[in-house]
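Visitor: The structure under discussion is supplied below as structure tokens; questions concerning it will follow.
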Amino acid sequence: MGAKAYRGDETTGFQSPAQDHVEAVPDLAELLELRRPQRYAVRVKGDGLRKRGIHSGDILVVNTDGEPQSGKVCVAFVHGDVVLAILTEKDGEWWLEPSNYAPQPITEDTEVWAMIAALVRTDV
Amino acid sequence: MFGLIDGNNFDVSCERAFDPTLRGKPVVVLSNNDGCAIARSAEAKALGIKMGEVWHLSKRKPEFRNVIAKSSNYALYGDMSRRVFEVLSEHFQRVEPYSIDEMCLDLTQFARVDYCRRVRDRVRQIAKIPTCVGIGPTKTLAKLANKRAKGTDIGVSDFSDLETRRQAFSEMPI
């Protein structure tokens with residue numbers, strides 16, 4: 001408790017040969033770019049997109065500035081619900097395929113909120 | 001030249017960013033311990049709810065029965081304010097937070113109205129917050145211009161021109 005962070009340069013016996021090579025713990029916030037304003041961490045509730053490898057309890061890192069791409073998963077507003085949906089383009093028109101609704105054309109009642117950028121699972 | 005950008009009904013807009021059921025409805029955000037209405041959606045303002053309206057006295061009024069009241073969530077509003085600040089910092093050399101929902105911008109080197117409109121669209125896209133921008137030769141005049149921008153379609157009002165200011169002042173209670 002209260003110990004200084006280990007740096008490898010304050011040994012009482014033998015000098016550590018690693019003292020110039022101690023690295024920081026991997027910074028997942030950096031890797032997932034969580035400090036960028038367009039990145040949001042959201043928790044998944046429900047197994048509707050298990051076929052896409054997204055499980056209930058997963059944390060998705062989503063990008064509100066992500067480019068919409070056909071076949072990619074997004075967070076969407078559909079008739080007042082916040083859902084995960086597969087975004088698809090058919091004959092020049094964009095559709096949302098949520099797991100709990102029939103495919104929805106993108107209209108005033110729907111909104112692509114963010115595109116999925118990364119997934120974090122803490123209970124593997 | 002300065003810009004003053006602020007979030008429209010900021011706390012309500014933060015709540016709406018994550019909850020589509022709040023859109024188009026009268027919404028108020030309450031102060032600590034749910035005392036007073038401290039942010040009101042346009043629909044709530046239209047019902048006559050005043051800034052600081054004491055909510056435990058007003059919530060039973062029949063005309064307010066459909067108003068959705070949210071307890072304040074400052075962790076959320078602080079985080080959204082950070083996002084707005086960071087988007088602005090990508091577009092302006094100097095951004096000075098003035099309050100949780102207002103930031104002064106240094107506009108010295110920019111083509112003004114069009115650029116501010118584009119930045120406003122970026123803030124809306126990334127931080128999901130609708131904003132207005134006022135432009136003026138001083139921060140005070142930028143703030144006045146911002147007031148003028150509220151309710152306009154483009155959400156930007158430019159007071160850099162003296163004639164425009166004269167015209168606007170004649171219509172303001174000052």
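Chains: A, B, ... in order of the structure tokens. Residues: from 1 per chain. Ligands: from 1, in order shown.
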For chain A, list the residues within 6 Å of chain B, counting only C-alpha atoms, and write the list as a list in words.
Guide: Pro37, Gln38, Thr64, Asp65 and Gly80 of chain A
Visitor: Save out the residues we just selected, N, CA and C atoms, as a PDB file, in the first residue's frame.
Guide:
ATOM      1  N   PRO A  37     -12.983  13.146 -28.827  1.00  0.00           N
ATOM      2  CA  PRO A  37     -14.372  13.527 -28.524  1.00  0.00           C
ATOM      3  C   PRO A  37     -15.408  12.675 -29.257  1.00  0.00           C
ATOM      4  N   GLN A  38     -15.049  12.065 -30.365  1.00  0.00           N
ATOM      5  CA  GLN A  38     -16.039  11.289 -31.123  1.00  0.00           C
ATOM      6  C   GLN A  38     -16.178   9.854 -30.620  1.00  0.00           C
ATOM      7  N   THR A  64     -18.893   8.567 -33.274  1.00  0.00           N
ATOM      8  CA  THR A  64     -19.983   9.361 -33.831  1.00  0.00           C
ATOM      9  C   THR A  64     -19.570  10.071 -35.118  1.00  0.00           C
ATOM     10  N   ASP A  65     -18.290   9.984 -35.444  1.00  0.00           N
ATOM     11  CA  ASP A  65     -17.803  10.589 -36.684  1.00  0.00           C
ATOM     12  C   ASP A  65     -17.371   9.502 -37.673  1.00  0.00           C
ATOM     13  N   GLY A  80     -37.654   5.641 -31.150  1.00  0.00           N
ATOM     14  CA  GLY A  80     -37.505   5.928 -29.726  1.00  0.00           C
ATOM     15  C   GLY A  80     -36.672   4.922 -28.947  1.00  0.00           C
TER      16      GLY A  80
END
Visitor: Within 10 Å of segment 63-77 of chain B, counting only C-alpha atoms, which residues show up once you throw out same-chain ones fewer than 6 positions away? Write them as a PyMOL selection string, please.
Guide: chain B and resi 10-15+22+25-41+43-44+47-49+55+83+100-101
Visitor: Based on the backbone DSSP call, show me all residues of segment 20-121 of chain A assigned alpha helix (DSSP H), as a PyMOL selection string.
Guide: chain A and resi 28-31
Visitor: Hey, what's within 12 Å of Gly48 of chain A if we count only C-alpha atoms and toss same-chain stuff fewer than 6 positions away? As a PyMOL selection string, please?
Guide: chain A and resi 54-57+73+83-86+97-101
Visitor: What is the distance between atom CA of Pro130 of chain B and atom CA of Leu162 of chain B, in Å to one decimal?
Guide: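 Calculated distance between atom CA of Pro130 of chain B and atom CA of Leu162 of chain B is 27.8 Å.
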Visitor: With only C-alpha atoms as the counted atoms, please give the residues lying no more than 10 Å from Asp114 of chain B, apart from itself and same-chain residues fewer than 4 positions off, as a PyMOL selection string.
Guide: chain B and resi 110+118-120+154+156
Visitor: Write the selection just made, keeping N, CA and C atoms, as an mmCIF file, in the first residue's frame?
Guide:
data_model
loop_
_atom_site.group_PDB
_atom_site.id
_atom_site.type_symbol
_atom_site.label_atom_id
_atom_site.label_comp_id
_atom_site.auth_asym_id
_atom_site.auth_seq_id
_atom_site.Cartn_x
_atom_site.Cartn_y
_atom_site.Cartn_z
ATOM 1 N N PHE B 110 -10.083 33.641 -39.517
ATOM 2 C CA PHE B 110 -10.997 32.789 -40.263
ATOM 3 C C PHE B 110 -12.042 33.566 -41.045
ATOM 4 N N ARG B 118 -19.883 25.479 -40.275
ATOM 5 C CA ARG B 118 -19.330 24.130 -40.446
ATOM 6 C C ARG B 118 -18.912 23.534 -39.100
ATOM 7 N N VAL B 119 -18.285 24.367 -38.262
ATOM 8 C CA VAL B 119 -17.859 23.884 -36.948
ATOM 9 C C VAL B 119 -19.086 23.488 -36.112
ATOM 10 N N ARG B 120 -20.125 24.292 -36.224
ATOM 11 C CA ARG B 120 -21.361 23.999 -35.519
ATOM 12 C C ARG B 120 -21.910 22.626 -35.946
ATOM 13 N N ILE B 154 -29.719 29.213 -39.385
ATOM 14 C CA ILE B 154 -28.289 28.904 -39.542
ATOM 15 C C ILE B 154 -27.576 28.893 -38.201
ATOM 16 N N VAL B 156 -26.058 31.107 -36.596
ATOM 17 C CA VAL B 156 -24.872 31.959 -36.490
ATOM 18 C C VAL B 156 -25.323 33.391 -36.735
#
Visitor: What is the distance between atom CA of Thr122 of chain A and atom CA of Arg36 of chain A, in Å to one decimal?
Guide: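 For atom CA of Thr122 of chain A relative to atom CA of Arg36 of chain A, the distance reads 22.0 Å.
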